[in-house]
Amino acid sequence: MSHSNKIIMLGATGAVGNNVALTLSKMQSVQQLTLLGRRPAENVAGQSIFQHEIDIFSPKSYEHFLKGHDCAICALGVGQPSKMSKEEFIKIDKNAVLDFATACKKAGVTHFELLSSVGVSSTSSSFYLRTKGELEEGLKALGFERLSLFHPSMIMTPTNRYGLSQAITLAVMPFLDPLFIGSFNKLRSISAARLGAAMAMNLFKNNSTNRVDILNWRDFIELSK
């Protein structure tokens, strides 16, 4: 097992991030879990939990909290990218994340985990996938000892958070999932709870071969068992 005793995290109030934080908060091996965000994750508590309200667009507001942590997790993301301008999406989903990662690297963090998306590519014709692909290229360039990129397809939540389009997704995906077989199983949906548990458990999986891990549906299932 790798030594992931002190973990710092951005995005613990989102559907996946909250499940990451809840999983880690119950693990005795976690010495410290520091949660940074625009508001506290009110359902995450414990002796190892430290929460700080910060400005996600200003590294100066949080860089002094980073030192001494082994691992960093970023589950920051936009729930409905289509409801905001491209500039706003880039500011949150790419620039704020790169700023956080850069500050983590300077502070001595060795392992960085990112909640990303299936199909990302810096050359994609999709603005959403291209932006996330550019972010991943930027993270690779920082040279962390280990970088874990999580590539889920549809993320299933217990309740509908975003209206009609999500209602359709939640209803249809359980029927479509069995059709995605072989190399296409990476397109299968995953619950926010299971994905969160996988991101937490991955911190303790010894990985000496790859500096950059790209994790898909099958990895999430294995890690969250």
# chains A, B, ... in the order shown; residues from 1 in each chain; ligands from 1

$ residues_around --residues "Lys140 of chain A" --least-positions-apart "5" --cutoff "9 Å" --atoms "only C-alpha atoms" --output "number ranges by chain"
A: 135, 147, 212

$ residues_around --residues "segment 22-38 of chain A" --least-positions-apart "6" --cutoff "9 Å" --atoms "only C-alpha atoms" --output "PyMOL selection string"
chain A and resi 4-13+44-56+62+65-66+69+196-197+200-201

$ write_last_selection --atoms "C-alpha atoms" --output "tab-separated table (two decimals), in the first residue's frame"
chain	number	residue	atom	x	y	z
A	4	SER	CA	-1.73	8.21	1.63
A	5	ASN	CA	-2.16	9.34	5.21
A	6	LYS	CA	-2.73	13.04	4.59
A	7	ILE	CA	-5.11	13.95	1.79
A	8	ILE	CA	-6.33	17.33	0.56
A	9	MET	CA	-9.41	17.65	-1.59
A	10	LEU	CA	-11.25	20.19	-3.73
A	11	GLY	CA	-14.90	19.53	-4.60
A	12	ALA	CA	-16.27	17.57	-1.62
A	13	THR	CA	-19.79	19.00	-1.96
A	44	VAL	CA	-18.58	14.88	6.47
A	45	ALA	CA	-17.22	14.85	10.02
A	46	GLY	CA	-14.63	13.14	12.19
A	47	GLN	CA	-11.41	13.72	14.10
A	48	SER	CA	-9.34	13.56	10.91
A	49	ILE	CA	-11.49	16.10	9.00
A	50	PHE	CA	-10.43	19.73	8.54
A	51	GLN	CA	-12.56	22.05	6.39
A	52	HIS	CA	-11.68	25.47	5.01
A	53	GLU	CA	-13.85	27.84	2.96
A	54	ILE	CA	-11.74	29.27	0.14
A	55	ASP	CA	-11.94	31.14	-3.15
A	56	ILE	CA	-11.38	28.42	-5.75
A	62	TYR	CA	-5.64	28.10	0.07
A	65	PHE	CA	-3.25	24.70	3.68
A	66	LEU	CA	-1.47	22.40	1.19
A	69	HIS	CA	-0.27	16.43	2.34
A	196	GLY	CA	-16.51	8.01	-5.04
A	197	ALA	CA	-15.49	4.82	-3.24
A	200	ALA	CA	-10.90	6.87	-2.35
A	201	MET	CA	-9.64	3.28	-2.56

$ select_by_dssp --residues "segment 46-207 of chain A" --states "alpha helix (DSSP H)" --output "MDAnalysis selection string"
chainID A and resid 86:90 96:106 127:142 164:176 192:202

$ write_last_selection --atoms "C-alpha atoms" --output "JSON list (two decimals), in the first residue's frame"
[["chain", "number", "residue", "atom", "x", "y", "z"],
["A", 86, "LYS", "CA", -17.65, 28.70, -22.52],
["A", 87, "GLU", "CA", -15.47, 31.23, -20.71],
["A", 88, "GLU", "CA", -17.09, 30.41, -17.36],
["A", 89, "PHE", "CA", -16.74, 26.67, -17.99],
["A", 90, "ILE", "CA", -13.01, 27.04, -18.80],
["A", 96, "ALA", "CA", -9.17, 26.57, -11.32],
["A", 97, "VAL", "CA", -8.16, 22.90, -11.41],
["A", 98, "LEU", "CA", -4.76, 23.59, -13.00],
["A", 99, "ASP", "CA", -4.11, 26.34, -10.44],
["A", 100, "PHE", "CA", -4.95, 23.91, -7.61],
["A", 101, "ALA", "CA", -2.74, 21.18, -9.09],
["A", 102, "THR", "CA", 0.16, 23.58, -9.65],
["A", 103, "ALA", "CA", -0.04, 24.77, -6.02],
["A", 104, "CYS", "CA", -0.22, 21.12, -4.84],
["A", 105, "LYS", "CA", 2.88, 20.21, -6.83],
["A", 106, "LYS", "CA", 4.80, 23.17, -5.36],
["A", 127, "PHE", "CA", -15.67, 21.82, -26.65],
["A", 128, "TYR", "CA", -16.43, 20.02, -23.37],
["A", 129, "LEU", "CA", -14.16, 17.03, -24.08],
["A", 130, "ARG", "CA", -11.42, 19.20, -25.59],
["A", 131, "THR", "CA", -11.31, 21.49, -22.53],
["A", 132, "LYS", "CA", -11.00, 18.51, -20.20],
["A", 133, "GLY", "CA", -8.37, 17.00, -22.52],
["A", 134, "GLU", "CA", -6.35, 20.24, -22.37],
["A", 135, "LEU", "CA", -6.62, 20.12, -18.57],
["A", 136, "GLU", "CA", -5.26, 16.56, -18.49],
["A", 137, "GLU", "CA", -2.33, 17.54, -20.74],
["A", 138, "GLY", "CA", -1.57, 20.38, -18.33],
["A", 139, "LEU", "CA", -1.66, 18.02, -15.35],
["A", 140, "LYS", "CA", 0.67, 15.54, -17.06],
["A", 141, "ALA", "CA", 3.13, 18.37, -17.72],
["A", 142, "LEU", "CA", 3.34, 19.13, -13.98],
["A", 164, "LEU", "CA", -35.59, 16.46, -17.74],
["A", 165, "SER", "CA", -32.32, 15.47, -19.45],
["A", 166, "GLN", "CA", -31.02, 13.82, -16.30],
["A", 167, "ALA", "CA", -34.39, 12.19, -15.63],
["A", 168, "ILE", "CA", -34.15, 10.51, -19.05],
["A", 169, "THR", "CA", -30.55, 9.43, -18.38],
["A", 170, "LEU", "CA", -31.42, 7.92, -14.98],
["A", 171, "ALA", "CA", -34.33, 6.02, -16.52],
["A", 172, "VAL", "CA", -32.60, 4.77, -19.70],
["A", 173, "MET", "CA", -29.00, 3.93, -18.71],
["A", 174, "PRO", "CA", -29.79, 0.76, -16.68],
["A", 175, "PHE", "CA", -31.26, -0.72, -19.87],
["A", 176, "LEU", "CA", -28.41, 0.45, -22.12],
["A", 192, "ALA", "CA", -21.79, 8.44, -7.69],
["A", 193, "ALA", "CA", -21.38, 6.35, -4.53],
["A", 194, "ARG", "CA", -19.41, 3.61, -6.27],
["A", 195, "LEU", "CA", -17.24, 6.05, -8.22],
["A", 196, "GLY", "CA", -16.51, 8.01, -5.04],
["A", 197, "ALA", "CA", -15.49, 4.82, -3.24],
["A", 198, "ALA", "CA", -13.23, 3.87, -6.17],
["A", 199, "MET", "CA", -11.47, 7.26, -6.09],
["A", 200, "ALA", "CA", -10.90, 6.87, -2.35],
["A", 201, "MET", "CA", -9.64, 3.28, -2.56],
["A", 202, "ASN", "CA", -7.29, 4.07, -5.47]]

$ select_by_dssp --residues "segment 91-198 of chain A" --states "strand (DSSP E)" --output "count of residues only"
14

$ atom_distance --atom1 "atom CA of Asn95 of chain A" --atom2 "atom CA of Gly77 of chain A"
11.5 Å

$ residues_around --residues "Ser116 of chain A" --least-positions-apart "3" --cutoff "8 Å" --atoms "only C-alpha atoms" --output "number ranges by chain"
A: 120, 132, 149-152

$ write_last_selection --atoms "N, CA and C atoms" --output "mmCIF file, in the first residue's frame"
data_model
loop_
_atom_site.group_PDB
_atom_site.id
_atom_site.type_symbol
_atom_site.label_atom_id
_atom_site.label_comp_id
_atom_site.auth_asym_id
_atom_site.auth_seq_id
_atom_site.Cartn_x
_atom_site.Cartn_y
_atom_site.Cartn_z
ATOM 1 N N VAL A 120 -12.325 12.126 -23.249
ATOM 2 C CA VAL A 120 -11.618 13.418 -23.279
ATOM 3 C C VAL A 120 -10.412 13.347 -24.217
ATOM 4 N N LYS A 132 -11.473 19.468 -21.209
ATOM 5 C CA LYS A 132 -11.004 18.508 -20.204
ATOM 6 C C LYS A 132 -9.715 17.819 -20.663
ATOM 7 N N LEU A 149 -6.312 9.589 -13.478
ATOM 8 C CA LEU A 149 -7.362 10.282 -14.224
ATOM 9 C C LEU A 149 -8.572 9.358 -14.328
ATOM 10 N N PHE A 150 -9.668 9.740 -13.710
ATOM 11 C CA PHE A 150 -10.888 8.930 -13.696
ATOM 12 C C PHE A 150 -11.791 9.349 -14.845
ATOM 13 N N HIS A 151 -12.143 8.383 -15.701
ATOM 14 C CA HIS A 151 -12.908 8.647 -16.924
ATOM 15 C C HIS A 151 -14.279 7.955 -16.890
ATOM 16 N N PRO A 152 -15.225 8.455 -16.068
ATOM 17 C CA PRO A 152 -16.553 7.854 -16.069
ATOM 18 C C PRO A 152 -17.373 8.286 -17.280
#

$ closest_residue --among "A:Ser189, A:Asn18, A:Thr110, A:Ser58" --to "Ile155 of chain A" --atoms "only C-alpha atoms"
A:Ser189

$ atom_distance --atom1 "atom CA of Phe184 of chain A" --atom2 "atom CA of Lys94 of chain A"
26.8 Å

$ decode --residues "segment 21-114 of chain A" --atoms "C-alpha atoms" --output "mmCIF file, in the first residue's frame"
data_model
loop_
_atom_site.group_PDB
_atom_site.id
_atom_site.type_symbol
_atom_site.label_atom_id
_atom_site.label_comp_id
_atom_site.auth_asym_id
_atom_site.auth_seq_id
_atom_site.Cartn_x
_atom_site.Cartn_y
_atom_site.Cartn_z
ATOM 1 C CA ALA A 21 -14.884 12.344 1.309
ATOM 2 C CA LEU A 22 -17.413 10.155 3.152
ATOM 3 C CA THR A 23 -15.451 6.998 2.268
ATOM 4 C CA LEU A 24 -12.135 8.504 3.396
ATOM 5 C CA SER A 25 -13.653 9.940 6.605
ATOM 6 C CA LYS A 26 -14.456 6.382 7.754
ATOM 7 C CA MET A 27 -10.963 4.985 7.094
ATOM 8 C CA GLN A 28 -8.743 4.705 10.173
ATOM 9 C CA SER A 29 -5.606 4.777 8.008
ATOM 10 C CA VAL A 30 -6.362 8.373 6.960
ATOM 11 C CA GLN A 31 -4.519 10.619 9.386
ATOM 12 C CA GLN A 32 -5.874 13.871 7.955
ATOM 13 C CA LEU A 33 -8.454 14.794 5.319
ATOM 14 C CA THR A 34 -8.494 18.470 4.454
ATOM 15 C CA LEU A 35 -11.508 19.665 2.455
ATOM 16 C CA LEU A 36 -11.335 22.939 0.537
ATOM 17 C CA GLY A 37 -14.408 24.518 -1.033
ATOM 18 C CA ARG A 38 -16.736 27.443 -1.485
ATOM 19 C CA ARG A 39 -18.908 25.981 1.289
ATOM 20 C CA PRO A 40 -18.411 23.186 3.836
ATOM 21 C CA ALA A 41 -19.444 19.580 3.216
ATOM 22 C CA GLU A 42 -21.821 19.480 6.158
ATOM 23 C CA ASN A 43 -22.307 15.703 6.208
ATOM 24 C CA VAL A 44 -18.582 14.884 6.471
ATOM 25 C CA ALA A 45 -17.220 14.853 10.017
ATOM 26 C CA GLY A 46 -14.626 13.139 12.190
ATOM 27 C CA GLN A 47 -11.414 13.724 14.101
ATOM 28 C CA SER A 48 -9.342 13.556 10.914
ATOM 29 C CA ILE A 49 -11.488 16.100 8.995
ATOM 30 C CA PHE A 50 -10.430 19.732 8.539
ATOM 31 C CA GLN A 51 -12.556 22.050 6.390
ATOM 32 C CA HIS A 52 -11.684 25.474 5.012
ATOM 33 C CA GLU A 53 -13.847 27.835 2.959
ATOM 34 C CA ILE A 54 -11.740 29.266 0.139
ATOM 35 C CA ASP A 55 -11.941 31.145 -3.148
ATOM 36 C CA ILE A 56 -11.377 28.422 -5.750
ATOM 37 C CA PHE A 57 -10.151 31.056 -8.230
ATOM 38 C CA SER A 58 -7.448 32.380 -5.885
ATOM 39 C CA PRO A 59 -4.596 30.008 -4.968
ATOM 40 C CA LYS A 60 -3.473 32.560 -2.363
ATOM 41 C CA SER A 61 -6.646 31.737 -0.406
ATOM 42 C CA TYR A 62 -5.641 28.096 0.065
ATOM 43 C CA GLU A 63 -1.957 27.488 -0.741
ATOM 44 C CA HIS A 64 -1.002 27.729 2.955
ATOM 45 C CA PHE A 65 -3.247 24.702 3.676
ATOM 46 C CA LEU A 66 -1.473 22.405 1.193
ATOM 47 C CA LYS A 67 1.888 21.663 2.814
ATOM 48 C CA GLY A 68 2.306 18.267 4.471
ATOM 49 C CA HIS A 69 -0.267 16.434 2.344
ATOM 50 C CA ASP A 70 0.737 13.328 0.350
ATOM 51 C CA CYS A 71 -2.216 13.191 -2.044
ATOM 52 C CA ALA A 72 -4.655 15.629 -3.614
ATOM 53 C CA ILE A 73 -8.061 14.894 -5.112
ATOM 54 C CA CYS A 74 -9.978 17.214 -7.403
ATOM 55 C CA ALA A 75 -13.658 16.410 -7.948
ATOM 56 C CA LEU A 76 -14.523 19.988 -8.849
ATOM 57 C CA GLY A 77 -16.824 20.202 -11.823
ATOM 58 C CA VAL A 78 -19.767 21.872 -13.483
ATOM 59 C CA GLY A 79 -23.052 20.004 -13.181
ATOM 60 C CA GLN A 80 -24.622 21.506 -16.295
ATOM 61 C CA PRO A 81 -21.969 22.885 -18.676
ATOM 62 C CA SER A 82 -24.619 23.839 -21.243
ATOM 63 C CA LYS A 83 -26.123 26.347 -18.777
ATOM 64 C CA MET A 84 -23.040 28.591 -18.701
ATOM 65 C CA SER A 85 -20.741 30.423 -21.102
ATOM 66 C CA LYS A 86 -17.651 28.699 -22.518
ATOM 67 C CA GLU A 87 -15.472 31.229 -20.707
ATOM 68 C CA GLU A 88 -17.091 30.410 -17.365
ATOM 69 C CA PHE A 89 -16.737 26.668 -17.991
ATOM 70 C CA ILE A 90 -13.008 27.035 -18.799
ATOM 71 C CA LYS A 91 -12.521 29.186 -15.692
ATOM 72 C CA ILE A 92 -14.001 26.532 -13.369
ATOM 73 C CA ASP A 93 -13.320 23.211 -15.059
ATOM 74 C CA LYS A 94 -9.822 23.888 -16.399
ATOM 75 C CA ASN A 95 -8.118 26.978 -14.986
ATOM 76 C CA ALA A 96 -9.170 26.571 -11.323
ATOM 77 C CA VAL A 97 -8.159 22.896 -11.407
ATOM 78 C CA LEU A 98 -4.765 23.595 -12.998
ATOM 79 C CA ASP A 99 -4.112 26.340 -10.443
ATOM 80 C CA PHE A 100 -4.946 23.915 -7.612
ATOM 81 C CA ALA A 101 -2.741 21.182 -9.089
ATOM 82 C CA THR A 102 0.164 23.583 -9.647
ATOM 83 C CA ALA A 103 -0.040 24.766 -6.022
ATOM 84 C CA CYS A 104 -0.219 21.121 -4.840
ATOM 85 C CA LYS A 105 2.879 20.212 -6.834
ATOM 86 C CA LYS A 106 4.799 23.172 -5.360
ATOM 87 C CA ALA A 107 3.719 22.109 -1.858
ATOM 88 C CA GLY A 108 5.153 18.600 -2.317
ATOM 89 C CA VAL A 109 2.026 16.559 -3.101
ATOM 90 C CA THR A 110 3.133 13.403 -4.954
ATOM 91 C CA HIS A 111 -0.171 11.827 -6.083
ATOM 92 C CA PHE A 112 -2.958 13.800 -7.777
ATOM 93 C CA GLU A 113 -6.394 12.384 -8.657
ATOM 94 C CA LEU A 114 -8.840 14.020 -11.070
#
